[in-house]
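*Asks:* Right, I'll just put the structure down here and ask away after.
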There are 2 protein chains.
Amino acid sequence: MTKKFVYSFKEGKADMRSLLGGKGANLAEMVHIGLPVPMGFTVTTEACLNYYEEGEKISDEILEQIFKALDELEKENGKKLGDPQNPLLVSVRSGAAISMPGMMDTILNLGLNDESVKGLASVTANERFAYDSYRRFIQMFGNVVLGIEHDKFEAKIDSVKAKRNVTQDTELTAADWQEVIKLYKELVKEETGKDFPQDPKEQLLMAVEAVFKSWNNQRAKVYRRINKIPDTLGTAVNVQTMVFGNKGDDSGTGVAFTRNPSTGEKKVYGEFLMNAQGEDVVAGIRTPKNIAELENVMPEVYEQFAGVCKLLENHYRDMQDIEFTIENGKLFMLQTRNGKRTAQAAVKIAVDMVKEGLITKEEAILRVSPDQVVSLLHRRIDPAAKVEVIAKGLPASPGAGSGHVIFDPDEAEELGNQGQKVILVRTETTPDDIHGIVMAQGVLTSRGGMTSHAAVVARGMGKPAVCGCDAIKIDPEKEEFQVGNLTVKKGDMISIDGATGQVILGDVPMIDPVLSDEFKELLGWADEVRRLSVRANADTPNDARVAREFGAEGIGLCRTEHMFMAVDRLPVVQEMIMSDTKEEREKALEKLLPFQQEDFEGILEAMEGLPVTIRLLDPPLHEFLPNAEELITEIAELKAAGNTDELEKKQSMLKKVRSLHEFNPMLGLRGCRLGILYPEIYAMQVRAIFKAACKLTKRGLKVEPEVEIPLVGHENELKIMRDLVEETAAAVLKEEGVKLDYKIGTMIEIPRACVTAGEIAKHADFFSFGTNDLTQTTFGFSRDDAEAKFLPHYINEKILIDDPFIVLDRNGVGSLMKMAVKSGREVKNDLMVGICGEHGGEPSSVEFCHMIGLNYVSCSPYRVPVARLAAAQAQLKNK
Amino acid sequence: MTKKFVYSFKEGKADMRSLLGGKGANLAEMVHIGLPVPMGFTVTTEACLNYYEEGEKISDEILEQIFKALDELEKENGKKLGDPQNPLLVSVRSGAAISMPGMMDTILNLGLNDESVKGLASVTANERFAYDSYRRFIQMFGNVVLGIEHDKFEAKIDSVKAKRNVTQDTELTAADWQEVIKLYKELVKEETGKDFPQDPKEQLLMAVEAVFKSWNNQRAKVYRRINKIPDTLGTAVNVQTMVFGNKGDDSGTGVAFTRNPSTGEKKVYGEFLMNAQGEDVVAGIRTPKNIAELENVMPEVYEQFAGVCKLLENHYRDMQDIEFTIENGKLFMLQTRNGKRTAQAAVKIAVDMVKEGLITKEEAILRVSPDQVVSLLHRRIDPAAKVEVIAKGLPASPGAGSGHVIFDPDEAEELGNQGQKVILVRTETTPDDIHGIVMAQGVLTSRGGMTSHAAVVARGMGKPAVCGCDAIKIDPEKEEFQVGNLTVKKGDMISIDGATGQVILGDVPMIDPVLSDEFKELLGWADEVRRLSVRANADTPNDARVAREFGAEGIGLCRTEHMFMAVDRLPVVQEMIMSDTKEEREKALEKLLPFQQEDFEGILEAMEGLPVTIRLLDPPLHEFLPNAEELITEIAELKAAGNTDELEKKQSMLKKVRSLHEFNPMLGLRGCRLGILYPEIYAMQVRAIFKAACKLTKRGLKVEPEVEIPLVGHENELKIMRDLVEETAAAVLKEEGVKLDYKIGTMIEIPRACVTAGEIAKHADFFSFGTNDLTQTTFGFSRDDAEAKFLPHYINEKILIDDPFIVLDRNGVGSLMKMAVKSGREVKNDLMVGICGEHGGEPSSVEFCHMIGLNYVSCSPYRVPVARLAAAQAQLKNK
């Protein structure tokens, strides 16, 4: 059986997108619903793949089908390609299933040659138009099909203009264009060694082949890589009868959206030009007019056009992006497609369409991309602003901020306290810098990755951060940084965008996040649909309140270490770490207890009536001490100054720092390993949790603490820690005379925990996947090192499709998670399982969590709406 | 139904060990085969467990059974316990299923009281003997049952001696002992508030209860923890009629082994004392005689004894450890058990017994513990030597060595070249120290774990190393180290034992390893039985030859990085790393090529006809550069000296070191990640492998190279590297005009590789489990950090039963391995799978590898015989 490689527009349908490409399928659909479309046909994506299979050759079978389709098109139009009397002209356009800039776009006026141009001149009674069209065709064809540089054509026009002593194209006459055509043809001969093809069928085949070839040009390949489009789709080719918007004052062309793509407002939005071709609208030589004005210019056409817009929207049940041409007062539709829109517009359009009865709530939920709405949830740089990007680092903590460059945290704190806006710029940050970060608008570091101290702390505080920006060379002594040839000095104003990693010179206008009423309504619908619960990762009462406002149904991860790093506590924490005996340690811990209790009271109160998972201390202790190099410097200074008391203190601190040194701290003494070696630390934290819970319970508030043990790899670890928590909690509850339900569970963040989840589940009321660490250990990647050293290369080379720290690796990490859920629930069928890694707010990862039956996802407060939407989509997509 | 808690010796059998304990079962067995055994009964281990279940109370049911058994024993002996005329005396001994020091051992002469002592005196016509026996009983009972300190009893004897003005116990008369008894009874009353129990039945029950209690005393618990004996076994109690070896010159007592437990020689080995009790032999007051002399002393008894030895050996089909007593010329057997023996004896006895037809070859294989034979395979400290252990570190590389302490590697090299023996002592070592390690007898470091540079390099060179010995405080400036109060200076002689981690002051005698003929024969039998193939990890031709001599059937892991670290190559490797461009790097690599080729020629030639797995470069590049602190010092010195050329070089090296710095190098840019970023490095190595292989093939040798890609976590990594290897190999084979079969495979050492093994298998001819790294990533343990910081605590607290870096963690790491084997073979059913982590030479791990169907294990050359034996045992145990 012969395969069908060519479809007339009359044969296609909208759902044949993968075969006909988006453009071809929509043209066919418009024909199908009776809209005025210049007729034509589509050479399929399969023909493109066949072309490559045949070693870059259009097979005879396909040739035959193309010519047959052309033959029918000629009959329909009553014109013939290349006819010297009344020639048919066609456009040739590429059109893949997924819209893809970078491929060859368009050849217009195909079919013109030395003879048919005369026919065009006589039929249109416009010789200048005909010869201008012909030279445009030669130029376009010469450039995109024959590969001759654009400038060489322009040089020929310039030479004729010089000869005629004119400066504008419009001043050239039909005769001048004829001379240009002669020069163009000579140029083609010179460059290609061949004459410009006069046979219109040869022209057509060459154009089709050029489209096929453009599928694999560099720009298209790069675009596919970036946008994760498979290389195996191929592109279709659309051959369509030309219509002319430049045939006089009753002709014109335009583009329009059926609703405002920026705000979502229900009003046709677009522009048009009379007596012009499409490229003139794009080129920006003449200023197009607002589409509304068309009503005045051509009321009947406008009415027809408005009707078409409505029809198309109703037909496609989505906002459309339309191209049209008016030829001698007759409207032709050249393209329709679902229109791109901003996040704000996407939300509004989806909600409005539900209210208009056009789509269901479920469809509305699926219409809005969770990735896109992220931008609605953070302060951001006004997209309309013109900015000067001077460098790019890792987008370490979303949001944007502007301020004066400050290199010293003390100074940042001081200026911040004075109400000045500062951006703290450091090679990397340490706990000693916290007071500076607190008072800064944002942090910029030249070293460190997505889990560096600066990144983690900034995300915790909801402050923007750009990290690992190695293009900036910081000179702390001169208090300036270099980026390329530019020197930015202390006090200079910069802005950073933590969502994109951009570093921008100067102050820039910002937009604050707002949850529009439509967005709230949409999220309400999402809540009705989703099965996954959504919690937030929050370490402070303020974070908790924000999270609750954004719809969080609990805290899935409250990290206690950030509380330790607060400026008033760090010295006590350091005292605890410096202790030589358990007794000394307990004395220091006793001082920390009231602080911790206060923290927990705040958070538990903010989340009253909702569960709060509190993770006991996780990071290695050395993270709370200054680093060795800093101490060495300080010691040298103290020696010089003869300050012996302080000197001794710093020296013993250096000794401790050295004794705590680890080769791979990520795999060292941290998590529950700390709790097992120093049970007094965990005991203090548990006491603080339950003292806080009792106090609130006595006030009549309902609190639901869930104590979480980090980094468990063996059931015995959890067993011992569970005993400690239970004993400590029982003691406090007895002291306070309070009865309280609480849970004890564990992070699952070590491969061994996944593999032995059945054993671990015996001692756990809940599991929470710590997918940041689980990804690190499953891949054997240290995130900071991988993202700095080889992950970008891996993603460039498509070794990995996504950064697994951003999008959950379903095959590897995901398999382990699945295994853990299954064997955990085999032992305890009501085991509550959630996720609290950063993946908890990433849509594809949320979908996976839904698929493997988790109870909840937990993410940063500002990601909660994203997760609510993604969870609903997961439910709808996986019914 | 009533449970039977008490068994007469006549009722028991050898196979009732778990119920009767080892001692009880063997006593019963001896009765069963008709040997002269003083009659008695055993209270079972179940009675012990019942005692604890009942809240530390002997239940009525058990009491009843004990008294019934006692009743029968009295009838058999024709004597009654506590009879004032002719009393029955019994011993009470503990006896668990697994022999266990630390529990209460023995109470003798039970049944004596103020009345029955008179009967004993009259029956034996020896008043002094009777009262001495009574006071011994009170003392023993008072100590172990009533818990009164031993010294308090000794003080009473001293007071009587002082009164009598004598110094020796032997000078005390019957009357004196009577006075001692009076004082003892007062002491008991004083200490316990109660009279010394006169009722023999009460004595008996108290003794039984004391045995039960001793199951849970501190020493017993510790012993069980160390020896991994379950706490739930319980101990039995043996009550046996007393016989007396101290009744005169026709009485005596002794212990003997049926063969020499030290050499295995087939000759009864032991000692005896006439007119003595068992405790006198042990106490060492009199010197016992060689067992052979008994023939002269009591020829008939000796003949009977020799017959019993033979009978017992034949009966138990193993060498026996026997206790006996002669009472008035009559031989009594008090105990028999399989005798403990040295590795050498174990091997000889097993092989001899096969030749004697006593056991099968399979039994012989199972008789020898693979762990034990390790000691036969390394140079070791003569166990007979008296040594002064001054510190203990990690047993990082087995073997032993003595030499002068040297702190500087250059000096170590110089002295080594002069033929002096040195031990290199360093805080930790770096690649710059290699030349010193090469010339040293061994390495001692104060920092670093089992995978530290020193440990890995030493193991690679087969040199002893003790690492992480933090008891020694090195002062490099003074060139000395402190350990406690001792100062060891440069040039002082020390010895190290890398198998135990001991550091010893002075030179000590050593024993060289020899494979005895018997051992070779046993290994030959093992080879016939085992299904697992055994390969060796070897990086040099010399290692390969040693491995082959020890029976290796190939190289399972040839690490190429140690070749890079050789002193003549390191500068070229550093040049390669310092290169800024690919071209520069390739130039340096070109210089390395001939070195690598030579290495591979040597190894492939040594293993001619056998497969050799060569792993491409694995460690992070910074391992080949000096560390930052060293460079900083050097730079400061060069600055002072004004040596600008060298200064610049070192400064740029420091810059490189800093740019290569990683937070967690274990999880950073290493393994195939290097190969993907710098394909030219791997390409050079592959060229060297195939040039070497071609050269040997042309010489007519058969070579089987297997190229191994390390650290693969995603199939795409292996796919890309496989292409590189295939292309490079094809080019070399074409150049050389040689045809050659080879394999390409991968290490499986990342959890993700296990989980996605099905995908990876598509591109692999073989898998080799790198269980060192797999254990690190599965547990989330950095070995160096874990072993230094928390693993010891984990093992002490029984959180982990074994160090997972030594004994493969079957539940966690093992599950992942099983998964990988299964899904790999589903895709490729003939996929060859091996293991090359250090577990490959550890018996329990070898067994697991057998159970999950691996094709081979690979271990260090000196472990090959261990693995051969363990593999055979695995086959026999898992038929």
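Chain labels run A, B, ... following the order of the structure tokens; each chain numbers its residues from 1, and ligands are numbered from 1 in the order shown.
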Calculate the C-alpha RMSD, in Å to one decimal, after superposing chain B onto chain A by least squares over all C-alpha atoms paired in sequence order.

*Replies:*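 C-alpha RMSD, chain B fitted to chain A: 0.3 Å.
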
*Asks:* Leaving out Ala292 of chain B and any residue of its chain fewer than 4 positions from it, which residues lie within 9 Å of it when counting only C-alpha atoms, given as number ranges by chain?

*Replies:* B: 268-271, 296, 302

*Asks:* Determine which residues of segment 56-149 of chain A receive a DSSP assignment of strand (DSSP E or B), computed from the backbone, and state them as a VMD selection string.

*Replies:* chain A and resid 80 to 81 87 to 88 90 to 96 101 103 106 to 110

*Asks:* Restricting the output to N, CA and C atoms, write the selected residues as a PDB file, in the first residue's frame.

*Replies:*
ATOM      1  N   LYS A  80      -2.177  28.240 -13.216  1.00  0.00           N
ATOM      2  CA  LYS A  80      -1.089  27.258 -13.230  1.00  0.00           C
ATOM      3  C   LYS A  80       0.200  27.915 -12.730  1.00  0.00           C
ATOM      4  N   LEU A  81       0.947  27.116 -12.019  1.00  0.00           N
ATOM      5  CA  LEU A  81       2.250  27.582 -11.525  1.00  0.00           C
ATOM      6  C   LEU A  81       3.117  27.918 -12.742  1.00  0.00           C
ATOM      7  N   PRO A  87      -0.346  33.578 -13.580  1.00  0.00           N
ATOM      8  CA  PRO A  87       0.344  32.506 -12.853  1.00  0.00           C
ATOM      9  C   PRO A  87      -0.216  32.309 -11.435  1.00  0.00           C
ATOM     10  N   LEU A  88      -0.204  30.990 -11.010  1.00  0.00           N
ATOM     11  CA  LEU A  88      -0.456  30.675  -9.599  1.00  0.00           C
ATOM     12  C   LEU A  88       0.846  30.930  -8.836  1.00  0.00           C
ATOM     13  N   VAL A  90       2.650  30.532  -4.941  1.00  0.00           N
ATOM     14  CA  VAL A  90       2.437  29.872  -3.653  1.00  0.00           C
ATOM     15  C   VAL A  90       3.464  30.331  -2.630  1.00  0.00           C
ATOM     16  N   SER A  91       3.098  30.120  -1.359  1.00  0.00           N
ATOM     17  CA  SER A  91       4.086  30.290  -0.288  1.00  0.00           C
ATOM     18  C   SER A  91       4.478  28.889   0.171  1.00  0.00           C
ATOM     19  N   VAL A  92       5.696  28.769   0.680  1.00  0.00           N
ATOM     20  CA  VAL A  92       6.159  27.493   1.230  1.00  0.00           C
ATOM     21  C   VAL A  92       6.634  27.772   2.660  1.00  0.00           C
ATOM     22  N   ARG A  93       6.006  27.062   3.593  1.00  0.00           N
ATOM     23  CA  ARG A  93       6.336  27.310   5.001  1.00  0.00           C
ATOM     24  C   ARG A  93       6.576  25.993   5.722  1.00  0.00           C
ATOM     25  N   SER A  94       7.496  26.025   6.651  1.00  0.00           N
ATOM     26  CA  SER A  94       7.706  24.851   7.506  1.00  0.00           C
ATOM     27  C   SER A  94       6.638  24.846   8.600  1.00  0.00           C
ATOM     28  N   GLY A  95       6.426  23.687   9.198  1.00  0.00           N
ATOM     29  CA  GLY A  95       5.474  23.628  10.313  1.00  0.00           C
ATOM     30  C   GLY A  95       5.597  22.308  11.054  1.00  0.00           C
ATOM     31  N   ALA A  96       6.300  22.337  12.181  1.00  0.00           N
ATOM     32  CA  ALA A  96       6.483  21.107  12.974  1.00  0.00           C
ATOM     33  C   ALA A  96       5.314  20.935  13.945  1.00  0.00           C
ATOM     34  N   PRO A 101      10.968  27.929  16.565  1.00  0.00           N
ATOM     35  CA  PRO A 101      11.770  28.920  15.853  1.00  0.00           C
ATOM     36  C   PRO A 101      13.141  28.335  15.541  1.00  0.00           C
ATOM     37  N   MET A 103      13.938  27.023  12.536  1.00  0.00           N
ATOM     38  CA  MET A 103      13.851  26.355  11.241  1.00  0.00           C
ATOM     39  C   MET A 103      13.590  27.387  10.165  1.00  0.00           C
ATOM     40  N   THR A 106       9.781  30.897   5.824  1.00  0.00           N
ATOM     41  CA  THR A 106       8.810  31.165   4.757  1.00  0.00           C
ATOM     42  C   THR A 106       9.498  31.540   3.447  1.00  0.00           C
ATOM     43  N   ILE A 107       8.965  31.007   2.338  1.00  0.00           N
ATOM     44  CA  ILE A 107       9.297  31.560   1.014  1.00  0.00           C
ATOM     45  C   ILE A 107       7.984  31.999   0.379  1.00  0.00           C
ATOM     46  N   LEU A 108       7.956  33.261  -0.019  1.00  0.00           N
ATOM     47  CA  LEU A 108       6.726  33.801  -0.629  1.00  0.00           C
ATOM     48  C   LEU A 108       6.917  33.904  -2.142  1.00  0.00           C
ATOM     49  N   ASN A 109       5.810  34.002  -2.834  1.00  0.00           N
ATOM     50  CA  ASN A 109       5.810  34.314  -4.274  1.00  0.00           C
ATOM     51  C   ASN A 109       6.459  33.242  -5.131  1.00  0.00           C
ATOM     52  N   LEU A 110       6.526  32.021  -4.618  1.00  0.00           N
ATOM     53  CA  LEU A 110       7.146  30.965  -5.408  1.00  0.00           C
ATOM     54  C   LEU A 110       6.291  30.678  -6.626  1.00  0.00           C
TER      55      LEU A 110
END

*Asks:* Can you list, as a VMD selection string, every residue of segment 290-497 of chain A that DSSP puts in helix (DSSP H, G or I)?

*Replies:* chain A and resid 291 to 297 299 to 316 343 to 355 361 to 367 370 to 377 409 to 417 431 to 439 453 to 461

*Asks:* Need the shell around segment 232-245 of chain A: protein/DNA/RNA residues with any atom at most 8 Å away, counting only C-alpha atoms. Skip same-chain ones fewer than 6 positions apart. Format as a PyMOL selection string?

*Replies:* chain A and resi 18-21+23-24+38-49+88-97+108-109+208+211-212+215+251-253+274-278+325-328+332

*Asks:* Would you kindly return, as a VMD selection string, each protein, DNA or RNA residue with an atom no farther than 6 Å from any atom of Gln502 of chain A, considering only C-alpha atoms and excluding same-chain residues fewer than 4 positions away?

*Replies:* chain A and resid 392 496 to 497

*Asks:* Fewer than 4 positions away in the same chain doesn't count, so skip those; otherwise give me all residues within 7 Å of segment 131-142 of chain B, counting only C-alpha atoms, as a PyMOL selection string.

*Replies:* chain B and resi 107-110+112+117+127+146-148+153+174+177-178+181+188

*Asks:* Near segment 591-599 of chain A, within 12 Å and counting only C-alpha atoms, which residues show up once chain neighbours fewer than 2 positions away are dropped, as a PyMOL selection string?

*Replies:* chain A and resi 538-544+558-576+584-589+601-606+614+616-617+680-696

*Asks:* Taking only C-alpha atoms into account, find every residue of chain B that has an atom no more than 7 Å from chain A, and write it out as JSON, numbers by chain.

*Replies:* {"B": [662, 663, 664, 665, 666, 667, 668, 669, 713, 716, 717, 750, 751, 752, 755, 756, 777, 778, 779, 780, 781, 782, 785, 786, 789, 790, 799, 811, 812, 815]}
